[in-house]
file my_file.cif (mmCIF, C-alpha atoms and all ligand atoms)
data_query
loop_
_atom_site.label_atom_id
_atom_site.label_comp_id
_atom_site.auth_asym_id
_atom_site.auth_seq_id
_atom_site.Cartn_x
_atom_site.Cartn_y
_atom_site.Cartn_z
CA MET A 1 65.52 62.99 128.19
CA THR A 2 68.84 64.74 127.83
CA GLU A 3 68.77 68.40 126.99
CA PRO A 4 70.19 69.28 123.54
CA ARG A 5 73.55 70.95 123.98
CA ARG A 6 73.71 74.66 123.47
CA ARG A 7 75.82 75.92 120.58
CA ALA A 8 78.95 78.03 120.84
CA ALA A 9 81.94 79.20 118.82
CA VAL A 10 85.15 80.98 119.75
CA ASN A 11 86.86 83.24 117.28
CA VAL A 12 89.65 85.77 117.07
CA ASP A 13 89.87 88.92 114.92
CA VAL A 14 93.55 89.30 114.16
CA ASP A 15 93.70 93.09 114.03
CA GLY A 16 97.27 94.39 113.81
CA LEU A 17 98.44 97.23 116.06
CA TYR A 18 98.23 99.61 113.07
CA LEU A 19 94.44 99.20 113.06
CA TYR A 20 94.19 100.43 116.66
CA ASP A 21 96.23 103.46 115.67
CA ARG A 22 93.65 104.07 112.94
CA ILE A 23 90.67 103.74 115.33
CA HIS A 24 92.17 106.21 117.75
CA GLY A 25 93.16 108.66 115.01
CA HIS A 26 96.84 108.44 115.99
CA ALA A 27 98.37 108.33 112.54
CA ARG A 28 96.53 111.46 111.41
CA SER A 29 97.27 113.48 114.53
CA SER A 30 101.00 112.71 114.55
CA GLY A 31 103.60 114.27 112.32
CA ASN A 32 105.80 111.21 112.74
CA THR A 33 104.74 109.12 109.75
CA ALA A 34 107.83 106.90 109.89
CA GLU A 35 106.77 105.61 113.29
CA PHE A 36 103.36 104.63 111.90
CA SER A 37 104.57 103.01 108.72
CA ALA A 38 106.86 100.88 110.90
CA ALA A 39 103.84 99.96 113.04
CA ALA A 40 102.04 98.80 109.88
CA HIS A 41 104.45 95.89 109.66
CA ASP A 42 104.52 95.03 113.35
CA PRO A 43 103.51 91.36 113.68
CA THR A 44 102.98 91.48 117.49
CA ALA A 45 99.24 90.68 117.21
CA TRP A 46 100.27 87.42 115.51
CA THR A 47 103.51 86.48 117.23
CA LYS A 48 102.22 87.24 120.76
CA GLY A 49 98.42 87.34 120.52
CA VAL A 50 97.58 84.52 118.10
CA THR A 51 100.22 82.16 119.49
CA ARG A 52 98.71 82.57 122.98
CA PHE A 53 95.23 81.88 121.59
CA LEU A 54 96.64 78.70 120.04
CA ASP A 55 97.92 77.69 123.51
CA LEU A 56 94.57 78.59 125.07
CA PHE A 57 92.58 76.58 122.51
CA ALA A 58 94.87 73.55 122.96
CA ARG A 59 94.59 73.74 126.73
CA CYS A 60 90.78 74.04 126.69
CA ASP A 61 90.43 71.52 123.83
CA VAL A 62 88.43 73.80 121.53
CA THR A 63 88.68 74.46 117.81
CA GLY A 64 88.24 78.09 116.81
CA THR A 65 88.16 80.48 113.88
CA PHE A 66 90.71 83.19 113.08
CA PHE A 67 89.51 86.19 111.03
CA VAL A 68 92.56 87.30 109.09
CA VAL A 69 93.37 90.61 107.34
CA ALA A 70 94.91 89.14 104.20
CA GLN A 71 97.51 91.89 103.60
CA ASP A 72 99.23 90.79 106.84
CA LEU A 73 100.33 87.61 105.02
CA ALA A 74 103.07 89.66 103.35
CA HIS A 75 104.98 89.25 106.62
CA PRO A 76 106.94 85.95 106.89
CA GLU A 77 106.37 85.73 110.66
CA VAL A 78 102.63 86.03 110.09
CA ARG A 79 102.68 83.23 107.52
CA ALA A 80 104.52 80.99 109.99
CA VAL A 81 101.89 81.53 112.71
CA LEU A 82 99.07 81.06 110.19
CA ALA A 83 100.55 77.68 109.28
CA GLU A 84 100.43 76.72 112.99
CA CYS A 85 96.73 77.68 113.13
CA VAL A 86 95.96 75.50 110.11
CA ALA A 87 98.04 72.58 111.41
CA ALA A 88 96.11 72.68 114.70
CA GLY A 89 92.83 72.32 112.77
CA HIS A 90 91.45 75.82 113.30
CA GLU A 91 89.33 77.56 110.69
CA ILE A 92 90.71 80.54 108.76
CA ALA A 93 88.18 83.15 107.66
CA SER A 94 88.43 86.54 105.96
CA HIS A 95 88.55 89.89 107.72
CA SER A 96 89.05 91.65 104.35
CA LEU A 97 92.24 92.55 102.47
CA THR A 98 93.25 95.81 104.20
CA HIS A 99 90.55 96.27 106.90
CA PRO A 100 89.09 99.58 105.66
CA TYR A 101 86.66 100.78 108.36
CA THR A 102 84.58 102.29 105.54
CA LEU A 103 84.35 98.99 103.59
CA SER A 104 80.52 99.05 103.66
CA ARG A 105 80.53 102.43 101.86
CA LEU A 106 83.26 101.83 99.26
CA PRO A 107 82.43 101.95 95.54
CA ASP A 108 81.33 98.52 94.22
CA ALA A 109 84.58 97.70 92.40
CA ALA A 110 86.81 98.58 95.36
CA MET A 111 84.57 96.59 97.71
CA ALA A 112 84.61 93.56 95.40
CA ALA A 113 88.42 93.74 95.12
CA GLU A 114 88.83 93.84 98.92
CA LEU A 115 86.73 90.70 99.28
CA SER A 116 87.83 88.58 96.34
CA ASN A 117 91.55 89.32 96.72
CA ALA A 118 91.41 88.56 100.44
CA ARG A 119 89.61 85.26 99.91
CA LYS A 120 91.99 84.19 97.14
CA GLN A 121 95.11 85.04 99.16
CA LEU A 122 93.81 83.22 102.23
CA GLN A 123 92.87 80.16 100.20
CA ASP A 124 96.28 80.13 98.50
CA ALA A 125 98.02 80.42 101.88
CA THR A 126 95.98 77.74 103.64
CA GLY A 127 95.13 75.35 100.81
CA GLN A 128 91.55 75.38 102.14
CA SER A 129 88.25 76.90 101.08
CA VAL A 130 87.50 80.08 103.05
CA SER A 131 83.78 80.24 103.78
CA GLY A 132 83.47 82.96 106.44
CA PHE A 133 83.72 86.73 106.52
CA ARG A 134 83.67 89.40 109.24
CA ALA A 135 83.43 93.10 108.36
CA PRO A 136 85.89 95.61 109.84
CA GLY A 137 84.19 97.37 112.78
CA TYR A 138 81.13 95.05 112.38
CA VAL A 139 79.57 97.47 109.87
CA LEU A 140 77.54 95.98 106.98
CA SER A 141 75.42 97.37 104.14
CA ASP A 142 73.19 95.71 101.51
CA ALA A 143 75.95 96.23 98.95
CA LEU A 144 78.51 94.63 101.24
CA LEU A 145 76.28 91.61 101.93
CA ARG A 146 75.92 91.09 98.16
CA ALA A 147 79.68 91.45 97.70
CA ILE A 148 80.34 88.87 100.46
CA ALA A 149 78.16 86.35 98.62
CA ASP A 150 79.69 87.33 95.24
CA ALA A 151 83.18 86.59 96.60
CA GLY A 152 82.07 83.02 97.33
CA HIS A 153 81.55 83.20 101.10
CA THR A 154 78.70 81.16 102.59
CA TYR A 155 78.47 82.92 105.94
CA ASP A 156 78.96 86.29 107.56
CA SER A 157 79.62 86.89 111.25
CA SER A 158 79.54 90.70 111.55
CA ARG A 159 76.20 91.43 113.18
CA PHE A 160 76.65 92.72 116.71
CA PRO A 161 73.13 93.48 118.00
CA CYS A 162 74.41 95.21 121.11
CA PRO A 163 72.96 98.67 121.90
CA PRO A 164 75.42 99.44 124.76
CA TYR A 165 78.43 98.73 122.51
CA GLN A 166 77.05 100.58 119.48
CA LEU A 167 76.09 103.58 121.60
CA ALA A 168 79.53 103.76 123.22
CA LYS A 169 81.22 103.44 119.82
CA ALA A 170 79.12 106.24 118.29
CA ALA A 171 79.93 108.42 121.32
CA VAL A 172 83.69 107.84 121.02
CA ILE A 173 83.66 108.57 117.28
CA GLY A 174 81.74 111.81 118.01
CA LEU A 175 84.14 112.77 120.78
CA TYR A 176 87.23 112.26 118.60
CA ARG A 177 85.59 114.26 115.82
CA ALA A 178 84.78 117.12 118.25
CA HIS A 179 88.46 117.21 119.21
CA GLY A 180 89.57 117.51 115.59
CA ARG A 181 91.07 114.00 115.60
CA PRO A 182 88.76 111.97 113.34
CA SER A 183 88.62 108.24 114.06
CA GLY A 184 89.02 105.86 111.14
CA SER A 185 85.95 104.02 112.44
CA ILE A 186 82.26 104.58 111.48
CA PRO A 187 79.06 103.80 113.45
CA GLU A 188 76.46 101.15 112.54
CA TRP A 189 72.77 102.04 111.85
CA PRO A 190 70.58 101.82 114.97
CA ASN A 191 68.17 99.30 113.37
CA VAL A 192 70.96 96.70 113.64
CA TRP A 193 71.40 97.30 117.37
CA PHE A 194 68.21 95.35 118.16
CA GLY A 195 68.57 92.66 115.46
CA LYS A 196 68.31 88.89 115.99
CA ARG A 197 70.77 87.45 118.52
CA THR A 198 70.84 83.89 117.15
CA PRO A 199 71.93 82.46 113.76
CA TYR A 200 69.66 82.92 110.77
CA VAL A 201 69.63 82.72 107.00
CA ASP A 202 69.77 86.18 105.46
CA ARG A 203 67.86 86.40 102.15
CA LEU A 204 69.58 88.93 99.92
CA ALA A 205 67.51 91.14 97.59
CA ASP A 206 68.40 88.88 94.63
CA GLY A 207 67.16 85.78 96.48
CA ARG A 208 70.53 84.31 97.43
CA ALA A 209 71.06 83.02 100.95
CA LEU A 210 73.87 84.03 103.29
CA VAL A 211 74.08 82.49 106.75
CA GLU A 212 74.48 85.09 109.50
CA LEU A 213 76.13 84.09 112.78
CA PRO A 214 75.71 87.06 115.18
CA ILE A 215 78.30 87.94 117.83
CA ALA A 216 77.27 87.11 121.40
CA THR A 217 75.23 89.39 123.60
CA LEU A 218 73.58 88.44 126.89
CA PRO A 219 69.89 87.56 126.86
CA GLY A 220 67.62 90.36 128.10
CA THR A 221 70.12 93.17 128.67
CA ARG A 222 72.00 92.64 125.38
CA LEU A 223 75.24 93.46 127.15
CA PRO A 224 78.24 92.40 125.04
CA TYR A 225 80.01 89.13 125.69
CA ILE A 226 83.29 89.50 123.80
CA GLY A 227 86.93 89.29 124.89
CA THR A 228 87.18 93.04 125.50
CA SER A 229 84.13 93.03 127.81
CA LEU A 230 85.37 89.93 129.65
CA ILE A 231 88.61 91.80 130.43
CA ALA A 232 86.60 94.87 131.51
CA ILE A 233 84.35 92.99 133.96
CA GLY A 234 87.18 90.85 135.38
CA ALA A 235 86.85 87.75 137.54
CA LEU A 236 84.09 89.14 139.80
CA GLY A 237 81.99 90.27 136.87
CA TYR A 238 82.47 86.92 135.19
CA ASP A 239 81.29 85.11 138.33
CA ALA A 240 78.11 87.20 138.18
CA ILE A 241 77.25 86.38 134.56
CA ALA A 242 78.57 82.79 134.35
CA PRO A 243 75.19 81.18 135.26
CA LEU A 244 73.48 83.26 132.56
CA LEU A 245 76.13 82.35 129.97
CA ALA A 246 75.68 78.65 130.75
CA ARG A 247 71.99 78.96 129.81
CA THR A 248 72.52 81.03 126.63
CA ASP A 249 71.55 79.07 123.50
CA TRP A 250 73.97 80.69 121.05
CA LEU A 251 77.32 82.05 122.26
CA ASN A 252 79.57 83.33 119.51
CA PHE A 253 82.47 84.50 121.68
CA GLU A 254 84.49 87.02 119.69
CA CYS A 255 88.00 87.90 120.80
CA HIS A 256 90.77 90.05 119.38
CA ALA A 257 94.36 88.88 119.11
CA ILE A 258 95.58 91.72 121.34
CA ASP A 259 93.29 90.48 124.16
CA LEU A 260 96.10 88.10 125.06
CA THR A 261 98.99 90.52 124.75
CA ASP A 262 100.83 92.10 127.67
CA HIS A 263 101.24 95.83 127.15
CA VAL A 264 104.56 96.02 129.01
CA ALA A 265 106.23 92.64 128.44
CA ASP A 266 105.31 92.58 124.73
CA GLY A 267 106.62 96.11 124.20
CA ILE A 268 103.38 97.54 122.79
CA PRO A 269 103.64 101.29 122.03
CA ALA A 270 102.55 103.41 125.02
CA ARG A 271 100.02 105.35 122.90
CA LEU A 272 97.88 102.17 122.66
CA ALA A 273 97.36 102.11 126.44
CA VAL A 274 94.25 104.09 125.50
CA GLN A 275 92.73 100.62 124.84
CA PRO A 276 91.20 99.42 128.16
CA ASP A 277 92.26 95.80 127.41
CA GLN A 278 95.90 96.99 127.29
CA ARG A 279 95.76 98.31 130.82
CA VAL A 280 95.24 94.82 132.29
CA PRO A 281 98.37 92.63 132.52
CA LEU A 282 98.40 89.23 130.84
CA ALA A 283 98.85 87.56 134.25
CA LYS A 284 95.29 88.67 135.07
CA LYS A 285 93.76 88.11 131.62
CA TRP A 286 95.07 84.60 130.97
CA PRO A 287 93.32 82.81 133.90
CA LEU A 288 90.12 84.65 133.05
CA PHE A 289 90.14 83.38 129.46
CA VAL A 290 90.98 79.85 130.61
CA ARG A 291 87.96 79.88 132.94
CA ALA A 292 85.69 81.34 130.28
CA LEU A 293 86.65 78.73 127.68
CA GLU A 294 86.61 75.79 130.08
CA SER A 295 83.13 76.78 131.20
CA LEU A 296 82.01 77.25 127.59
CA ALA A 297 83.22 73.78 126.67
CA ARG A 298 81.38 72.30 129.68
CA HIS A 299 78.00 73.82 128.91
CA HIS A 300 78.06 74.14 125.14
CA GLU A 301 79.01 72.26 122.03
CA VAL A 302 81.91 74.40 120.80
CA ARG A 303 82.52 74.19 117.03
CA THR A 304 83.93 76.48 114.38
CA LEU A 305 81.64 79.05 112.79
CA GLY A 306 82.18 77.23 109.48
CA HIS A 307 80.74 74.08 111.07
CA TRP A 308 77.59 75.85 112.28
CA ALA A 309 77.16 77.61 108.92
CA GLU A 310 77.09 74.29 107.07
CA SER A 311 73.69 73.35 108.43
CA PRO A 312 71.53 76.47 108.43
CA ASP A 313 68.42 74.27 108.70
CA ARG A 314 69.41 73.63 112.32
CA PHE A 315 68.51 77.17 113.25
ZN ZN A 401 88.94 94.05 112.93
#
call {"tool": "encode", "arguments": {"input": "my_file.cif", "output": "C-alpha cells"}}
result
Amino acid sequence: MTEPRRRAAVNVDVDGLYLYDRIHGHARSSGNTAEFSAAAHDPTAWTKGVTRFLDLFARCDVTGTFFVVAQDLAHPEVRAVLAECVAAGHEIASHSLTHPYTLSRLPDAAMAAELSNARKQLQDATGQSVSGFRAPGYVLSDALLRAIADAGHTYDSSRFPCPPYQLAKAAVIGLYRAHGRPSGSIPEWPNVWFGKRTPYVDRLADGRALVELPIATLPGTRLPYIGTSLIAIGALGYDAIAPLLARTDWLNFECHAIDLTDHVADGIPARLAVQPDQRVPLAKKWPLFVRALESLARHHEVRTLGHWAESPDRF
C-alpha cells in the first residue's frame, strides 16, 4: 500500500521595506520623515523579492500563494509584478489594506474597512476571488476572526503556534520599549503559542466556519520552519532537520519577499541590516531555498493554501 502523500504549501508575505522600518521603530526615532515617506513607496520587495520567488517556484515546479498588502497596488511596478504572479497560476490572498500591526485591536468599523477594501482591491486587480487572509504580525482576536469571515474570506493562515518565536518577539518588543523606541508590533497571547499545528475548522462564536491553516513548526520542539529561520540555520542546520521535515504531515512554509533580496546588490537601506535575513547574501540564500523547495516537492503534495482550504473535511 502506498503511503498517502503529506500536505504542504509555500507562501510569501509581501511586506514592503516600510513595514520593517515600522517593526524596528525607525520612523518614530528618526527626525528625517522625508526619508521614510520615500521608503513607503519603495517597490523593492516586489521588484526584487517577488520576482525571485516567481523564478524559484518555476524552477521547483510549485504553485504558491502571495499575501498582498493591498495599498501597495497603487504602485505601477507592483501591479506589473502582481500580473506576473497571476499569469503563472499562483494564488493571491489578502494581507490587509495597510498592514496595521494593531489590526486585531482596531475598532470594529476600522477593522472591517481594512479587510473589505483589501479584498475588493485585490479581486479587482486579479479578476479572481480572494479566499485567504493572513494577519499582520500573525496576531488574531475573536473580533478579527469574525471580520475575516464577514469580508468573505473562507480561510485564515495566521496562527503560528511557535513558543520560541513568540517568546523572542515579545522580548524584542519589550527591549525596544525599554529603550524608548516603541516597535509598531504587538505580541500574541500565550494560549496561541501551543495551539494546533495542523489545519482545522475554526467555529466562530456565531456558528460560522473558518478554515485555519497554521504556519509550519517542527513536530515535538515546535521550532519555527519559515524562510527567516531557514536563512538563520543555513545549509548545515537544514541538513540536520531535513529528515524530520520529510516526515512532517502538514508543512505550511511561510516566506517573506525580502528573504530573497540581497542587502548590498539591491541597495536596501543600511538601517535594515538589523534584520538577520539581510545579513546573508543572496548567493547563499538562493541555493538553500532551491534545496528546501525541491525536497518539499519530493516528499509532499505541494498545493496552494486556497486548494487545501477547499476541502476542510480532509483534515
Ligand atoms: Zn506582514
call {"tool": "atom_distance", "arguments": {"input": "my_file.cif", "atom1": "atom CA of Glu254 of chain A", "atom2": "atom CA of Pro107 of chain A"}}
result
28.5 Å
call {"tool": "closest_residue", "arguments": {"input": "my_file.cif", "among": "A:Ala112, A:Val10, A:Ala149, A:Val81", "to": "Thr44 of chain A", "atoms": "all atoms listed in the file"}}
result
A:Val81
call {"tool": "residues_near_ligand", "arguments": {"input": "my_file.cif", "ligand": "ligand ZN 401 (chain A)", "cutoff": "9 Å", "atoms": "all atoms listed in the file", "output": "PyMOL selection string"}}
result
chain A and resi 13-16+19+67-69+95-96+99+101+134-138+256
call {"tool": "axis_aligned_box", "arguments": {"input": "my_file.cif", "around": "segment 103-115 of chain A", "padding_each_side": "3 Å", "output": "JSON"}}
result
{"center_x": 84.7, "center_y": 96.6, "center_z": 98.0, "size_x": 14.3, "size_y": 17.7, "size_z": 17.3}
call {"tool": "atom_distance", "arguments": {"input": "my_file.cif", "atom1": "atom CA of Gly207 of chain A", "atom2": "atom CA of Ile148 of chain A"}}
result
14.1 Å
call {"tool": "residues_around", "arguments": {"input": "my_file.cif", "residues": "Pro187 of chain A", "least_positions_apart": "6", "cutoff": "9 Å", "atoms": "all atoms listed in the file", "output": "list in words"}}
result
Gly137, Val139, Gln166, Leu167, Lys169, Ala170 and Ile173 of chain A
call {"tool": "closest_residue", "arguments": {"input": "my_file.cif", "among": "A:Leu251, A:Val130, A:Ala83, A:Leu56", "to": "Arg197 of chain A", "atoms": "only C-alpha atoms"}}
result
A:Leu251
call {"tool": "closest_residue", "arguments": {"input": "my_file.cif", "among": "A:Thr126, A:Ala270, A:Ala309, A:Asp42", "to": "Ala87 of chain A", "atoms": "all atoms listed in the file"}}
result
A:Thr126
call {"tool": "atom_distance", "arguments": {"input": "my_file.cif", "atom1": "atom CA of Asp21 of chain A", "atom2": "atom CA of Gly174 of chain A"}}
result
16.9 Å
call {"tool": "residues_around", "arguments": {"input": "my_file.cif", "residues": "segment 266-268 of chain A", "least_positions_apart": "3", "cutoff": "9 Å", "atoms": "all atoms listed in the file", "output": "list in words"}}
result
Leu17, Thr44, Lys48, Thr261, Asp262, His263, Arg271, Leu272, Ala273 and Gln278 of chain A
call {"tool": "closest_residue", "arguments": {"input": "my_file.cif", "among": "A:Leu204, A:Leu122, A:Val172, A:Ala178", "to": "His24 of chain A", "atoms": "all atoms listed in the file"}}
result
A:Val172
call {"tool": "closest_residue", "arguments": {"input": "my_file.cif", "among": "A:Arg59, A:Trp286, A:Ala110, A:Tyr165", "to": "Ile226 of chain A", "atoms": "all atoms listed in the file"}}
result
A:Tyr165
call {"tool": "decode", "arguments": {"input": "my_file.cif", "residues": "segment 41-154 of chain A", "atoms": "C-alpha atoms", "output": "mmCIF file, in the first residue's frame"}}
result
data_model
loop_
_atom_site.group_PDB
_atom_site.id
_atom_site.type_symbol
_atom_site.label_atom_id
_atom_site.label_comp_id
_atom_site.auth_asym_id
_atom_site.auth_seq_id
_atom_site.Cartn_x
_atom_site.Cartn_y
_atom_site.Cartn_z
ATOM 1 C CA HIS A 41 6.704 53.785 -1.929
ATOM 2 C CA ASP A 42 9.782 51.630 -2.435
ATOM 3 C CA PRO A 43 8.729 48.596 -4.502
ATOM 4 C CA THR A 44 11.956 46.595 -3.869
ATOM 5 C CA ALA A 45 10.104 43.797 -2.026
ATOM 6 C CA TRP A 46 8.105 43.266 -5.227
ATOM 7 C CA THR A 47 10.584 44.032 -7.989
ATOM 8 C CA LYS A 48 13.452 42.054 -6.391
ATOM 9 C CA GLY A 49 11.860 39.732 -3.818
ATOM 10 C CA VAL A 50 8.643 38.577 -5.503
ATOM 11 C CA THR A 51 10.223 38.242 -8.943
ATOM 12 C CA ARG A 52 12.877 35.919 -7.461
ATOM 13 C CA PHE A 53 10.171 33.860 -5.757
ATOM 14 C CA LEU A 54 8.466 33.552 -9.152
ATOM 15 C CA ASP A 55 11.757 32.211 -10.577
ATOM 16 C CA LEU A 56 12.143 29.855 -7.614
ATOM 17 C CA PHE A 57 8.589 28.496 -7.940
ATOM 18 C CA ALA A 58 9.033 27.960 -11.698
ATOM 19 C CA ARG A 59 12.341 26.179 -11.180
ATOM 20 C CA CYS A 60 10.966 23.885 -8.450
ATOM 21 C CA ASP A 61 7.626 23.426 -10.248
ATOM 22 C CA VAL A 62 5.445 24.547 -7.341
ATOM 23 C CA THR A 63 2.406 26.794 -7.193
ATOM 24 C CA GLY A 64 2.319 29.159 -4.228
ATOM 25 C CA THR A 65 0.318 31.877 -2.532
ATOM 26 C CA PHE A 66 1.269 35.555 -2.224
ATOM 27 C CA PHE A 67 -0.194 37.513 0.714
ATOM 28 C CA VAL A 68 -0.501 41.065 -0.555
ATOM 29 C CA VAL A 69 -0.871 44.389 1.296
ATOM 30 C CA ALA A 70 -3.484 45.933 -0.970
ATOM 31 C CA GLN A 71 -2.323 49.565 -0.657
ATOM 32 C CA ASP A 72 0.907 48.561 -2.453
ATOM 33 C CA LEU A 73 -1.158 48.181 -5.651
ATOM 34 C CA ALA A 74 -1.082 51.969 -6.013
ATOM 35 C CA HIS A 75 2.428 51.493 -7.412
ATOM 36 C CA PRO A 76 2.518 50.642 -11.169
ATOM 37 C CA GLU A 77 5.598 48.425 -10.766
ATOM 38 C CA VAL A 78 3.790 46.421 -8.103
ATOM 39 C CA ARG A 79 0.770 45.933 -10.367
ATOM 40 C CA ALA A 80 3.056 44.651 -13.136
ATOM 41 C CA VAL A 81 4.650 42.027 -10.861
ATOM 42 C CA LEU A 82 1.236 41.047 -9.479
ATOM 43 C CA ALA A 83 0.066 40.377 -13.034
ATOM 44 C CA GLU A 84 3.067 38.039 -13.484
ATOM 45 C CA CYS A 85 2.079 36.139 -10.322
ATOM 46 C CA VAL A 86 -1.471 35.679 -11.594
ATOM 47 C CA ALA A 87 -0.327 34.686 -15.100
ATOM 48 C CA ALA A 88 1.913 31.991 -13.590
ATOM 49 C CA GLY A 89 -1.113 30.496 -11.788
ATOM 50 C CA HIS A 90 -0.225 31.480 -8.226
ATOM 51 C CA GLU A 91 -2.868 32.329 -5.647
ATOM 52 C CA ILE A 92 -3.277 35.908 -4.427
ATOM 53 C CA ALA A 93 -4.502 36.333 -0.855
ATOM 54 C CA SER A 94 -5.015 39.318 1.440
ATOM 55 C CA HIS A 95 -2.510 40.630 3.959
ATOM 56 C CA SER A 96 -4.859 43.559 4.782
ATOM 57 C CA LEU A 97 -5.108 47.034 3.254
ATOM 58 C CA THR A 98 -2.326 48.887 5.118
ATOM 59 C CA HIS A 99 -0.803 46.172 7.382
ATOM 60 C CA PRO A 100 -1.562 47.783 10.769
ATOM 61 C CA TYR A 101 0.259 45.705 13.405
ATOM 62 C CA THR A 102 -2.621 46.533 15.764
ATOM 63 C CA LEU A 103 -5.316 45.271 13.349
ATOM 64 C CA SER A 104 -6.657 42.764 15.920
ATOM 65 C CA ARG A 105 -7.358 45.633 18.359
ATOM 66 C CA LEU A 106 -8.813 48.240 15.976
ATOM 67 C CA PRO A 107 -12.411 49.455 16.430
ATOM 68 C CA ASP A 108 -14.897 47.261 14.519
ATOM 69 C CA ALA A 109 -15.537 49.715 11.671
ATOM 70 C CA ALA A 110 -11.836 50.359 11.006
ATOM 71 C CA MET A 111 -11.107 46.626 11.102
ATOM 72 C CA ALA A 112 -13.953 45.866 8.690
ATOM 73 C CA ALA A 113 -12.746 48.597 6.304
ATOM 74 C CA GLU A 114 -9.183 47.205 6.296
ATOM 75 C CA LEU A 115 -10.484 43.758 5.341
ATOM 76 C CA SER A 116 -13.256 44.528 2.884
ATOM 77 C CA ASN A 117 -11.345 47.237 0.998
ATOM 78 C CA ALA A 118 -8.287 44.999 0.707
ATOM 79 C CA ARG A 119 -10.303 42.059 -0.604
ATOM 80 C CA LYS A 120 -12.168 44.231 -3.119
ATOM 81 C CA GLN A 121 -8.990 45.874 -4.436
ATOM 82 C CA LEU A 122 -7.226 42.524 -4.781
ATOM 83 C CA GLN A 123 -10.197 40.982 -6.566
ATOM 84 C CA ASP A 124 -10.451 43.959 -8.922
ATOM 85 C CA ALA A 125 -6.724 43.741 -9.677
ATOM 86 C CA THR A 126 -6.624 39.979 -10.258
ATOM 87 C CA GLY A 127 -10.097 39.264 -11.632
ATOM 88 C CA GLN A 128 -10.228 36.339 -9.177
ATOM 89 C CA SER A 129 -11.986 35.585 -5.919
ATOM 90 C CA VAL A 130 -9.668 36.122 -2.941
ATOM 91 C CA SER A 131 -10.354 33.456 -0.323
ATOM 92 C CA GLY A 132 -7.385 33.692 2.045
ATOM 93 C CA PHE A 133 -6.208 36.109 4.715
ATOM 94 C CA ARG A 134 -3.104 36.455 6.887
ATOM 95 C CA ALA A 135 -2.988 38.940 9.778
ATOM 96 C CA PRO A 136 -0.087 41.392 10.113
ATOM 97 C CA GLY A 137 2.367 40.014 12.700
ATOM 98 C CA TYR A 138 0.260 36.789 12.960
ATOM 99 C CA VAL A 139 -1.910 38.373 15.675
ATOM 100 C CA LEU A 140 -5.631 37.453 15.755
ATOM 101 C CA SER A 141 -8.573 38.196 18.050
ATOM 102 C CA ASP A 142 -12.175 36.931 18.143
ATOM 103 C CA ALA A 143 -13.295 40.211 16.587
ATOM 104 C CA LEU A 144 -10.736 39.877 13.805
ATOM 105 C CA LEU A 145 -11.754 36.269 13.052
ATOM 106 C CA ARG A 146 -15.379 37.437 12.707
ATOM 107 C CA ALA A 147 -14.296 40.319 10.471
ATOM 108 C CA ILE A 148 -12.284 37.940 8.243
ATOM 109 C CA ALA A 149 -15.402 35.826 7.703
ATOM 110 C CA ASP A 150 -17.584 38.954 7.253
ATOM 111 C CA ALA A 151 -15.277 40.166 4.465
ATOM 112 C CA GLY A 152 -15.987 36.942 2.560
ATOM 113 C CA HIS A 153 -12.776 35.009 3.230
ATOM 114 C CA THR A 154 -13.049 31.235 3.653
#
